[in-house]
Amino acid sequence: MSEFKAQPPEGMEPSGASLAGDSVYQKIRDDIISGRLKANERLIVADLAREHDTSTNPVREALQLLRGEGFVVISPNRGARVRPIDQNFVRDIYEIGVLIEPALTRWFVGMATHADIARLEEIQTQIEENNFLDPTRHSELDTRFHTIMYERHYNRHAAELWWKHREVLRAVSRRFNFTLARRAQVLREHRQLIQLIKDGEADKAAALVAQHVEGSGRHILEHMRAAEAARAG
């Protein structure tokens with residue numbers, strides 16, 4: 001599993017925090033995503049430091065990282081609070097991906113080597129062999145598939161923005177299972193994308209990636225709506 005653990009694009013640190021700060025960041029992030037920390041709940045540094053058995057500096061680091069990802073809002077004189085992980089939040093995140101990823105893909109098609117394509121095919125084979133049985137493995141392999149295309153892009157700011165937003169959607173989607181229709185669509189679109197890259201069809205590949213990202217975002221939104229309707233009774 002560790003071989004396929006999702007890693008950020010080359011040259012980008014996973015979080016940029018200290019070891020202690022990264023540990024607290026991961027825990028608070030999981031608490032927000034799981035709902036253990038509620039929407040608009042205040043995040044008091046001293047309380048979090050006691051809860052996680054650390055000093056206040058790693059907590060402050062963690063909150064700044066979470067603010068950068070959009071999970072936390074920090075206001076003057078009001079401190080930090082949990083941003084609601086609602087449908088509008090998810091929509092905004094995936095719509096940015098729809099804008100960024102086609103541009104990254106178009107560039108990749110123009111410079112992809114036989115080795116790059118072989119790596120994509122290898123990862124895709126692993127995805128198909130797993131066949132969504134291990135959701136964590138699928139998520140890591142799927143992220144690696146797209147990272148291969150974006151990790152060498154000259155615009156590091158765009159690649160970093162993609163990575164951060166990708167990680168947000170990955171985290172949120174952990175609460176939901178793939179429908180059979182979405183599973184089939186993911187596998188089909190990956191294979192189509194590999195073929196378009198082989199054929200040098202940059203514009204078609206970019207259009208397919210836009211469709212792919214939007215499909216992923218809409219899939220999460222559908223699950224969120226269904227969960228909300230179930231809670232409403």
# chains A, B, ... in the order shown; residues from 1 in each chain; ligands from 1
>>> select_by_dssp(residues="range 47-200 of chain A", states="alpha helix (DSSP H)", output="compact mmCIF listing (two decimals) with N, CA and C atoms, in the first residue's frame")
# COMPACT_ATOMS: atom_id res chain seq x y z
N ASP A 47 -7.43 24.84 23.91
CA ASP A 47 -8.21 23.62 24.09
C ASP A 47 -7.70 22.51 23.17
N LEU A 48 -7.41 22.87 21.92
CA LEU A 48 -6.91 21.88 20.96
C LEU A 48 -5.53 21.37 21.36
N ALA A 49 -4.71 22.26 21.92
CA ALA A 49 -3.38 21.84 22.36
C ALA A 49 -3.49 20.80 23.48
N ARG A 50 -4.41 21.04 24.42
CA ARG A 50 -4.60 20.06 25.50
C ARG A 50 -5.14 18.74 24.95
N GLU A 51 -6.10 18.83 24.03
CA GLU A 51 -6.72 17.62 23.48
C GLU A 51 -5.70 16.76 22.74
N THR A 56 1.00 25.03 21.84
CA THR A 56 0.09 25.80 21.00
C THR A 56 0.65 26.04 19.59
N ASN A 57 1.98 26.02 19.43
CA ASN A 57 2.54 26.32 18.11
C ASN A 57 2.11 25.33 17.03
N PRO A 58 2.17 24.00 17.27
CA PRO A 58 1.69 23.07 16.24
C PRO A 58 0.21 23.26 15.91
N VAL A 59 -0.59 23.63 16.91
CA VAL A 59 -2.01 23.89 16.66
C VAL A 59 -2.17 25.10 15.76
N ARG A 60 -1.43 26.15 16.01
CA ARG A 60 -1.52 27.34 15.15
C ARG A 60 -1.08 27.01 13.73
N GLU A 61 -0.02 26.21 13.60
CA GLU A 61 0.40 25.76 12.27
C GLU A 61 -0.73 25.02 11.57
N ALA A 62 -1.34 24.09 12.30
CA ALA A 62 -2.41 23.27 11.73
C ALA A 62 -3.58 24.12 11.27
N LEU A 63 -3.96 25.09 12.08
CA LEU A 63 -5.11 25.93 11.72
C LEU A 63 -4.81 26.78 10.49
N GLN A 64 -3.57 27.24 10.36
CA GLN A 64 -3.23 28.00 9.16
C GLN A 64 -3.28 27.13 7.91
N LEU A 65 -2.83 25.87 8.02
CA LEU A 65 -2.92 24.95 6.90
C LEU A 65 -4.38 24.69 6.53
N LEU A 66 -5.20 24.47 7.53
CA LEU A 66 -6.62 24.20 7.29
C LEU A 66 -7.33 25.42 6.74
N ARG A 67 -6.87 26.59 7.15
CA ARG A 67 -7.42 27.82 6.57
C ARG A 67 -7.08 27.91 5.09
N GLY A 68 -5.84 27.53 4.74
CA GLY A 68 -5.43 27.56 3.35
C GLY A 68 -6.23 26.60 2.48
N GLU A 69 -6.65 25.48 3.06
CA GLU A 69 -7.45 24.50 2.31
C GLU A 69 -8.92 24.85 2.29
N GLN A 87 -22.73 21.71 0.42
CA GLN A 87 -22.75 21.51 -1.03
C GLN A 87 -22.11 22.68 -1.77
N ASN A 88 -22.29 23.88 -1.28
CA ASN A 88 -21.68 25.05 -1.94
C ASN A 88 -20.16 24.97 -1.88
N PHE A 89 -19.62 24.53 -0.74
CA PHE A 89 -18.18 24.38 -0.58
C PHE A 89 -17.63 23.37 -1.59
N VAL A 90 -18.26 22.20 -1.68
CA VAL A 90 -17.81 21.17 -2.61
C VAL A 90 -17.94 21.64 -4.06
N ARG A 91 -19.06 22.30 -4.37
CA ARG A 91 -19.25 22.82 -5.73
C ARG A 91 -18.13 23.79 -6.11
N ASP A 92 -17.81 24.71 -5.21
CA ASP A 92 -16.76 25.69 -5.50
C ASP A 92 -15.42 25.01 -5.75
N ILE A 93 -15.11 23.98 -4.95
CA ILE A 93 -13.84 23.28 -5.09
C ILE A 93 -13.74 22.56 -6.43
N TYR A 94 -14.78 21.80 -6.79
CA TYR A 94 -14.65 21.03 -8.02
C TYR A 94 -14.76 21.92 -9.26
N GLU A 95 -15.47 23.04 -9.17
CA GLU A 95 -15.53 23.94 -10.32
C GLU A 95 -14.17 24.57 -10.61
N ILE A 96 -13.38 24.81 -9.58
CA ILE A 96 -12.01 25.29 -9.80
C ILE A 96 -11.20 24.21 -10.51
N GLY A 97 -11.40 22.96 -10.11
CA GLY A 97 -10.72 21.86 -10.79
C GLY A 97 -11.09 21.76 -12.25
N VAL A 98 -12.36 22.03 -12.57
CA VAL A 98 -12.81 22.00 -13.97
C VAL A 98 -12.08 23.06 -14.79
N LEU A 99 -11.70 24.15 -14.15
CA LEU A 99 -10.97 25.21 -14.85
C LEU A 99 -9.48 24.90 -14.98
N ILE A 100 -8.89 24.34 -13.93
CA ILE A 100 -7.43 24.14 -13.89
C ILE A 100 -6.99 22.89 -14.63
N GLU A 101 -7.65 21.77 -14.39
CA GLU A 101 -7.13 20.49 -14.88
C GLU A 101 -7.08 20.37 -16.40
N PRO A 102 -8.05 20.92 -17.14
CA PRO A 102 -7.91 20.84 -18.60
C PRO A 102 -6.65 21.53 -19.11
N ALA A 103 -6.29 22.67 -18.51
CA ALA A 103 -5.08 23.38 -18.94
C ALA A 103 -3.84 22.54 -18.63
N LEU A 104 -3.80 21.92 -17.45
CA LEU A 104 -2.67 21.07 -17.09
C LEU A 104 -2.59 19.86 -18.02
N THR A 105 -3.75 19.31 -18.35
CA THR A 105 -3.80 18.14 -19.23
C THR A 105 -3.34 18.48 -20.64
N ARG A 106 -3.80 19.60 -21.15
CA ARG A 106 -3.44 20.00 -22.51
C ARG A 106 -1.92 20.12 -22.64
N TRP A 107 -1.28 20.69 -21.64
CA TRP A 107 0.18 20.81 -21.65
C TRP A 107 0.82 19.43 -21.62
N PHE A 108 0.31 18.55 -20.78
CA PHE A 108 0.89 17.22 -20.64
C PHE A 108 0.84 16.45 -21.96
N VAL A 109 -0.26 16.54 -22.66
CA VAL A 109 -0.38 15.80 -23.93
C VAL A 109 0.71 16.22 -24.89
N GLY A 110 1.08 17.49 -24.86
CA GLY A 110 2.09 17.99 -25.77
C GLY A 110 3.50 17.53 -25.46
N MET A 111 3.73 17.05 -24.22
CA MET A 111 5.09 16.65 -23.86
C MET A 111 5.19 15.22 -23.33
N HIS A 114 6.68 8.08 -24.08
CA HIS A 114 6.22 6.69 -24.01
C HIS A 114 6.29 6.18 -22.57
N ALA A 115 7.30 6.63 -21.83
CA ALA A 115 7.44 6.22 -20.43
C ALA A 115 6.28 6.74 -19.59
N ASP A 116 5.87 7.98 -19.85
CA ASP A 116 4.72 8.55 -19.14
C ASP A 116 3.46 7.72 -19.38
N ILE A 117 3.23 7.41 -20.64
CA ILE A 117 2.04 6.64 -21.00
C ILE A 117 2.08 5.25 -20.38
N ALA A 118 3.27 4.66 -20.35
CA ALA A 118 3.42 3.34 -19.73
C ALA A 118 3.10 3.40 -18.24
N ARG A 119 3.50 4.48 -17.59
CA ARG A 119 3.20 4.64 -16.17
C ARG A 119 1.70 4.80 -15.95
N LEU A 120 1.04 5.58 -16.81
CA LEU A 120 -0.41 5.73 -16.71
C LEU A 120 -1.11 4.38 -16.88
N GLU A 121 -0.66 3.61 -17.86
CA GLU A 121 -1.28 2.31 -18.12
C GLU A 121 -1.04 1.35 -16.95
N GLU A 122 0.13 1.43 -16.36
CA GLU A 122 0.44 0.56 -15.21
C GLU A 122 -0.48 0.89 -14.04
N ILE A 123 -0.62 2.18 -13.73
CA ILE A 123 -1.49 2.58 -12.63
C ILE A 123 -2.94 2.22 -12.93
N GLN A 124 -3.37 2.44 -14.18
CA GLN A 124 -4.74 2.10 -14.54
C GLN A 124 -5.01 0.60 -14.40
N THR A 125 -4.04 -0.21 -14.75
CA THR A 125 -4.19 -1.66 -14.56
C THR A 125 -4.38 -1.98 -13.08
N GLN A 126 -3.62 -1.32 -12.23
CA GLN A 126 -3.76 -1.52 -10.79
C GLN A 126 -5.15 -1.08 -10.31
N ILE A 127 -5.63 0.03 -10.85
CA ILE A 127 -6.97 0.52 -10.49
C ILE A 127 -8.02 -0.52 -10.86
N GLU A 128 -7.90 -1.07 -12.07
CA GLU A 128 -8.88 -2.05 -12.53
C GLU A 128 -8.79 -3.36 -11.76
N GLU A 129 -7.59 -3.76 -11.39
CA GLU A 129 -7.43 -4.98 -10.59
C GLU A 129 -8.04 -4.82 -9.20
N ASN A 130 -7.86 -3.64 -8.62
CA ASN A 130 -8.48 -3.37 -7.32
C ASN A 130 -10.00 -3.31 -7.43
N PRO A 135 -11.30 0.99 -1.02
CA PRO A 135 -11.50 2.40 -1.38
C PRO A 135 -10.25 3.26 -1.18
N THR A 136 -9.50 2.97 -0.12
CA THR A 136 -8.29 3.77 0.14
C THR A 136 -7.26 3.54 -0.96
N ARG A 137 -7.07 2.30 -1.33
CA ARG A 137 -6.13 1.98 -2.41
C ARG A 137 -6.58 2.62 -3.72
N HIS A 138 -7.88 2.55 -4.00
CA HIS A 138 -8.38 3.19 -5.22
C HIS A 138 -8.08 4.69 -5.20
N SER A 139 -8.37 5.33 -4.09
CA SER A 139 -8.16 6.77 -3.99
C SER A 139 -6.70 7.14 -4.22
N GLU A 140 -5.80 6.37 -3.64
CA GLU A 140 -4.38 6.66 -3.78
C GLU A 140 -3.89 6.41 -5.22
N LEU A 141 -4.36 5.32 -5.81
CA LEU A 141 -3.97 5.03 -7.19
C LEU A 141 -4.55 6.06 -8.15
N ASP A 142 -5.80 6.45 -7.94
CA ASP A 142 -6.44 7.43 -8.80
C ASP A 142 -5.73 8.77 -8.73
N THR A 143 -5.35 9.17 -7.53
CA THR A 143 -4.61 10.42 -7.37
C THR A 143 -3.25 10.33 -8.06
N ARG A 144 -2.59 9.17 -7.94
CA ARG A 144 -1.30 9.00 -8.60
C ARG A 144 -1.44 9.08 -10.11
N PHE A 145 -2.52 8.52 -10.64
CA PHE A 145 -2.78 8.57 -12.09
C PHE A 145 -2.76 10.02 -12.58
N HIS A 146 -3.49 10.89 -11.88
CA HIS A 146 -3.57 12.28 -12.32
C HIS A 146 -2.29 13.06 -12.00
N THR A 147 -1.62 12.68 -10.91
CA THR A 147 -0.38 13.37 -10.56
C THR A 147 0.69 13.16 -11.63
N ILE A 148 0.71 11.98 -12.23
CA ILE A 148 1.67 11.71 -13.31
C ILE A 148 1.54 12.77 -14.40
N MET A 149 0.32 13.20 -14.67
CA MET A 149 0.11 14.18 -15.75
C MET A 149 0.48 15.59 -15.34
N TYR A 150 0.40 15.90 -14.06
CA TYR A 150 0.53 17.29 -13.64
C TYR A 150 1.82 17.61 -12.90
N ARG A 156 3.98 25.91 -11.13
CA ARG A 156 3.91 25.21 -9.85
C ARG A 156 2.74 25.68 -9.00
N HIS A 157 2.35 26.96 -9.18
CA HIS A 157 1.20 27.46 -8.41
C HIS A 157 -0.08 26.75 -8.83
N ALA A 158 -0.23 26.53 -10.12
CA ALA A 158 -1.42 25.82 -10.62
C ALA A 158 -1.42 24.37 -10.14
N ALA A 159 -0.24 23.72 -10.19
CA ALA A 159 -0.14 22.33 -9.75
C ALA A 159 -0.43 22.21 -8.26
N GLU A 160 0.06 23.17 -7.49
CA GLU A 160 -0.17 23.14 -6.04
C GLU A 160 -1.64 23.38 -5.73
N LEU A 161 -2.27 24.30 -6.44
CA LEU A 161 -3.70 24.55 -6.22
C LEU A 161 -4.51 23.31 -6.56
N TRP A 162 -4.16 22.66 -7.67
CA TRP A 162 -4.85 21.41 -8.03
C TRP A 162 -4.70 20.40 -6.91
N TRP A 163 -3.47 20.21 -6.42
CA TRP A 163 -3.23 19.21 -5.39
C TRP A 163 -4.06 19.49 -4.13
N LYS A 164 -4.05 20.74 -3.66
CA LYS A 164 -4.76 21.07 -2.43
C LYS A 164 -6.26 20.82 -2.58
N HIS A 165 -6.82 21.21 -3.72
CA HIS A 165 -8.25 21.01 -3.93
C HIS A 165 -8.57 19.53 -4.14
N ARG A 166 -7.67 18.83 -4.78
CA ARG A 166 -7.85 17.38 -4.96
C ARG A 166 -7.90 16.69 -3.60
N GLU A 167 -7.01 17.08 -2.70
CA GLU A 167 -6.98 16.48 -1.38
C GLU A 167 -8.24 16.79 -0.59
N VAL A 168 -8.80 17.97 -0.76
CA VAL A 168 -10.05 18.32 -0.09
C VAL A 168 -11.17 17.39 -0.57
N LEU A 169 -11.31 17.25 -1.88
CA LEU A 169 -12.36 16.39 -2.42
C LEU A 169 -12.13 14.93 -2.05
N ARG A 170 -10.88 14.49 -2.05
CA ARG A 170 -10.57 13.12 -1.62
C ARG A 170 -11.02 12.90 -0.19
N ALA A 171 -10.76 13.88 0.66
CA ALA A 171 -11.12 13.75 2.06
C ALA A 171 -12.64 13.70 2.24
N VAL A 172 -13.35 14.58 1.56
CA VAL A 172 -14.80 14.62 1.68
C VAL A 172 -15.43 13.35 1.13
N SER A 173 -14.91 12.86 0.00
CA SER A 173 -15.51 11.70 -0.66
C SER A 173 -15.32 10.41 0.13
N LEU A 180 -22.33 2.09 -8.86
CA LEU A 180 -21.85 1.23 -9.95
C LEU A 180 -21.67 2.04 -11.23
N ALA A 181 -22.58 2.98 -11.47
CA ALA A 181 -22.49 3.80 -12.68
C ALA A 181 -21.22 4.65 -12.66
N ARG A 182 -20.90 5.22 -11.50
CA ARG A 182 -19.72 6.06 -11.41
C ARG A 182 -18.45 5.23 -11.55
N ARG A 183 -18.44 4.03 -10.99
CA ARG A 183 -17.28 3.15 -11.15
C ARG A 183 -16.99 2.89 -12.62
N ALA A 184 -18.03 2.52 -13.34
CA ALA A 184 -17.85 2.23 -14.77
C ALA A 184 -17.38 3.46 -15.52
N GLN A 185 -17.92 4.61 -15.15
CA GLN A 185 -17.55 5.86 -15.83
C GLN A 185 -16.09 6.21 -15.59
N VAL A 186 -15.62 6.05 -14.36
CA VAL A 186 -14.22 6.36 -14.03
C VAL A 186 -13.27 5.49 -14.85
N LEU A 187 -13.53 4.19 -14.88
CA LEU A 187 -12.65 3.28 -15.62
C LEU A 187 -12.68 3.59 -17.12
N ARG A 188 -13.86 3.84 -17.63
CA ARG A 188 -13.98 4.13 -19.07
C ARG A 188 -13.26 5.43 -19.43
N GLU A 189 -13.45 6.47 -18.64
CA GLU A 189 -12.84 7.76 -18.96
C GLU A 189 -11.32 7.71 -18.82
N HIS A 190 -10.81 6.97 -17.87
CA HIS A 190 -9.36 6.82 -17.75
C HIS A 190 -8.78 6.18 -19.01
N ARG A 191 -9.41 5.11 -19.48
CA ARG A 191 -8.91 4.43 -20.68
C ARG A 191 -9.03 5.35 -21.90
N GLN A 192 -10.11 6.08 -22.00
CA GLN A 192 -10.27 7.03 -23.11
C GLN A 192 -9.19 8.11 -23.05
N LEU A 193 -8.91 8.57 -21.84
CA LEU A 193 -7.90 9.61 -21.68
C LEU A 193 -6.52 9.12 -22.11
N ILE A 194 -6.16 7.92 -21.71
CA ILE A 194 -4.86 7.36 -22.12
C ILE A 194 -4.77 7.29 -23.64
N GLN A 195 -5.85 6.87 -24.30
CA GLN A 195 -5.82 6.77 -25.76
C GLN A 195 -5.68 8.15 -26.41
N LEU A 196 -6.36 9.14 -25.88
CA LEU A 196 -6.26 10.50 -26.43
C LEU A 196 -4.85 11.06 -26.25
N ILE A 197 -4.21 10.72 -25.13
CA ILE A 197 -2.83 11.16 -24.92
C ILE A 197 -1.92 10.48 -25.94
N LYS A 198 -2.12 9.19 -26.17
CA LYS A 198 -1.33 8.48 -27.18
C LYS A 198 -1.49 9.11 -28.55
N ASP A 199 -2.71 9.53 -28.86
CA ASP A 199 -3.02 10.09 -30.19
C ASP A 199 -2.63 11.56 -30.31
>>> atom_distance(atom1="CA of Gly21 in chain A", atom2="CA of Thr54 in chain A")
9.3 Å
>>> select_by_dssp(residues="range 17-81 of chain A", states="strand (DSSP E)", output="PyMOL selection string")
chain A and resi 42-43+72-75+79-81
>>> write_last_selection(atoms="N, CA, C and O atoms", output="PDB file, in the first residue's frame")
ATOM      1  N   ARG A  42     -16.237  26.807  17.227  1.00  0.00           N
ATOM      2  CA  ARG A  42     -15.003  27.549  17.495  1.00  0.00           C
ATOM      3  C   ARG A  42     -13.847  26.593  17.739  1.00  0.00           C
ATOM      4  O   ARG A  42     -14.019  25.532  18.348  1.00  0.00           O
ATOM      5  N   LEU A  43     -12.684  26.981  17.248  1.00  0.00           N
ATOM      6  CA  LEU A  43     -11.465  26.185  17.417  1.00  0.00           C
ATOM      7  C   LEU A  43     -10.517  26.987  18.304  1.00  0.00           C
ATOM      8  O   LEU A  43      -9.821  27.898  17.839  1.00  0.00           O
ATOM      9  N   VAL A  72     -11.119  25.862   7.517  1.00  0.00           N
ATOM     10  CA  VAL A  72     -11.203  26.709   8.695  1.00  0.00           C
ATOM     11  C   VAL A  72     -11.274  28.168   8.267  1.00  0.00           C
ATOM     12  O   VAL A  72     -10.618  28.577   7.297  1.00  0.00           O
ATOM     13  N   VAL A  73     -12.087  28.942   8.976  1.00  0.00           N
ATOM     14  CA  VAL A  73     -12.173  30.387   8.763  1.00  0.00           C
ATOM     15  C   VAL A  73     -11.575  31.066   9.990  1.00  0.00           C
ATOM     16  O   VAL A  73     -11.913  30.713  11.123  1.00  0.00           O
ATOM     17  N   ILE A  74     -10.670  32.008   9.773  1.00  0.00           N
ATOM     18  CA  ILE A  74     -10.065  32.751  10.874  1.00  0.00           C
ATOM     19  C   ILE A  74     -10.412  34.224  10.696  1.00  0.00           C
ATOM     20  O   ILE A  74     -10.066  34.839   9.683  1.00  0.00           O
ATOM     21  N   SER A  75     -11.105  34.786  11.680  1.00  0.00           N
ATOM     22  CA  SER A  75     -11.559  36.179  11.608  1.00  0.00           C
ATOM     23  C   SER A  75     -10.908  36.990  12.715  1.00  0.00           C
ATOM     24  O   SER A  75     -10.714  36.480  13.831  1.00  0.00           O
ATOM     25  N   GLY A  79     -11.343  34.710  16.182  1.00  0.00           N
ATOM     26  CA  GLY A  79     -10.595  33.470  16.185  1.00  0.00           C
ATOM     27  C   GLY A  79     -10.985  32.549  15.051  1.00  0.00           C
ATOM     28  O   GLY A  79     -11.552  32.977  14.033  1.00  0.00           O
ATOM     29  N   ALA A  80     -10.702  31.258  15.238  1.00  0.00           N
ATOM     30  CA  ALA A  80     -10.925  30.265  14.186  1.00  0.00           C
ATOM     31  C   ALA A  80     -12.228  29.505  14.433  1.00  0.00           C
ATOM     32  O   ALA A  80     -12.627  29.273  15.577  1.00  0.00           O
ATOM     33  N   ARG A  81     -12.857  29.115  13.344  1.00  0.00           N
ATOM     34  CA  ARG A  81     -14.063  28.284  13.428  1.00  0.00           C
ATOM     35  C   ARG A  81     -14.087  27.340  12.232  1.00  0.00           C
ATOM     36  O   ARG A  81     -13.398  27.561  11.225  1.00  0.00           O
TER      37      ARG A  81
END
>>> atom_distance(atom1="CA of Asp22 in chain A", atom2="CA of Val45 in chain A")
15.2 Å
>>> residues_around(residues="range 26-39 of chain A", least_positions_apart="3", cutoff="6 Å", atoms="only C-alpha atoms", output="short mmCIF file (atom, residue, chain, number, x, y, z; two decimals) with C-alpha atoms, in the first residue's frame")
data_model
loop_
_atom_site.label_atom_id
_atom_site.label_comp_id
_atom_site.auth_asym_id
_atom_site.auth_seq_id
_atom_site.Cartn_x
_atom_site.Cartn_y
_atom_site.Cartn_z
CA SER A 23 0.15 15.47 12.95
CA VAL A 82 -15.00 25.31 11.28
CA ARG A 83 -16.21 26.16 7.80
CA PRO A 84 -19.37 24.24 6.93
#
>>> atom_distance(atom1="CA of Arg175 in chain A", atom2="CA of Ser18 in chain A")
27.9 Å
>>> residues_around(residues="Glu228 in chain A", least_positions_apart="5", cutoff="12 Å", atoms="only C-alpha atoms", output="PyMOL selection string")
chain A and resi 86-87+221-223+233
>>> write_last_selection(atoms="all heavy atoms", output="CSV table (one decimal), in the first residue's frame")
chain,number,residue,atom,x,y,z
A,86,ASP,N,-20.4,22.0,3.2
A,86,ASP,CA,-21.7,21.9,2.6
A,86,ASP,C,-21.6,21.7,1.1
A,86,ASP,O,-20.5,21.7,0.5
A,86,ASP,CB,-22.6,23.0,3.0
A,86,ASP,CG,-22.0,24.4,2.6
A,86,ASP,OD1,-21.0,24.4,1.8
A,86,ASP,OD2,-22.5,25.4,3.1
A,87,GLN,N,-22.7,21.7,0.4
A,87,GLN,CA,-22.8,21.5,-1.0
A,87,GLN,C,-22.1,22.7,-1.8
A,87,GLN,O,-21.4,22.5,-2.8
A,87,GLN,CB,-24.2,21.3,-1.5
A,87,GLN,CG,-24.8,20.0,-1.0
A,87,GLN,CD,-26.3,19.8,-1.4
A,87,GLN,OE1,-26.6,20.2,-2.5
A,87,GLN,NE2,-27.1,19.3,-0.5
A,221,LEU,N,-21.8,15.5,-4.7
A,221,LEU,CA,-23.0,16.3,-4.3
A,221,LEU,C,-24.2,15.5,-4.3
A,221,LEU,O,-25.1,15.7,-3.4
A,221,LEU,CB,-23.2,17.4,-5.4
A,221,LEU,CG,-22.2,18.6,-5.4
A,221,LEU,CD1,-22.5,19.6,-6.4
A,221,LEU,CD2,-22.1,19.3,-4.0
A,222,GLU,N,-24.4,14.5,-5.1
A,222,GLU,CA,-25.5,13.6,-5.1
A,222,GLU,C,-25.6,12.9,-3.8
A,222,GLU,O,-26.7,12.7,-3.2
A,222,GLU,CB,-25.5,12.7,-6.3
A,222,GLU,CG,-25.8,13.3,-7.6
A,222,GLU,CD,-25.5,12.4,-8.8
A,222,GLU,OE1,-25.1,11.3,-8.6
A,222,GLU,OE2,-25.6,12.9,-10.0
A,223,HIS,N,-24.4,12.4,-3.3
A,223,HIS,CA,-24.4,11.7,-2.1
A,223,HIS,C,-24.7,12.6,-0.9
A,223,HIS,O,-25.4,12.2,0.0
A,223,HIS,CB,-23.0,11.1,-1.8
A,223,HIS,CG,-22.8,9.8,-2.5
A,223,HIS,ND1,-23.4,8.6,-2.1
A,223,HIS,CD2,-22.0,9.4,-3.5
A,223,HIS,CE1,-23.0,7.6,-2.8
A,223,HIS,NE2,-22.1,8.0,-3.7
A,233,GLY,N,-35.6,13.2,7.1
A,233,GLY,CA,-36.7,12.2,7.3
A,233,GLY,C,-37.6,12.2,6.1
A,233,GLY,O,-38.7,11.6,6.2
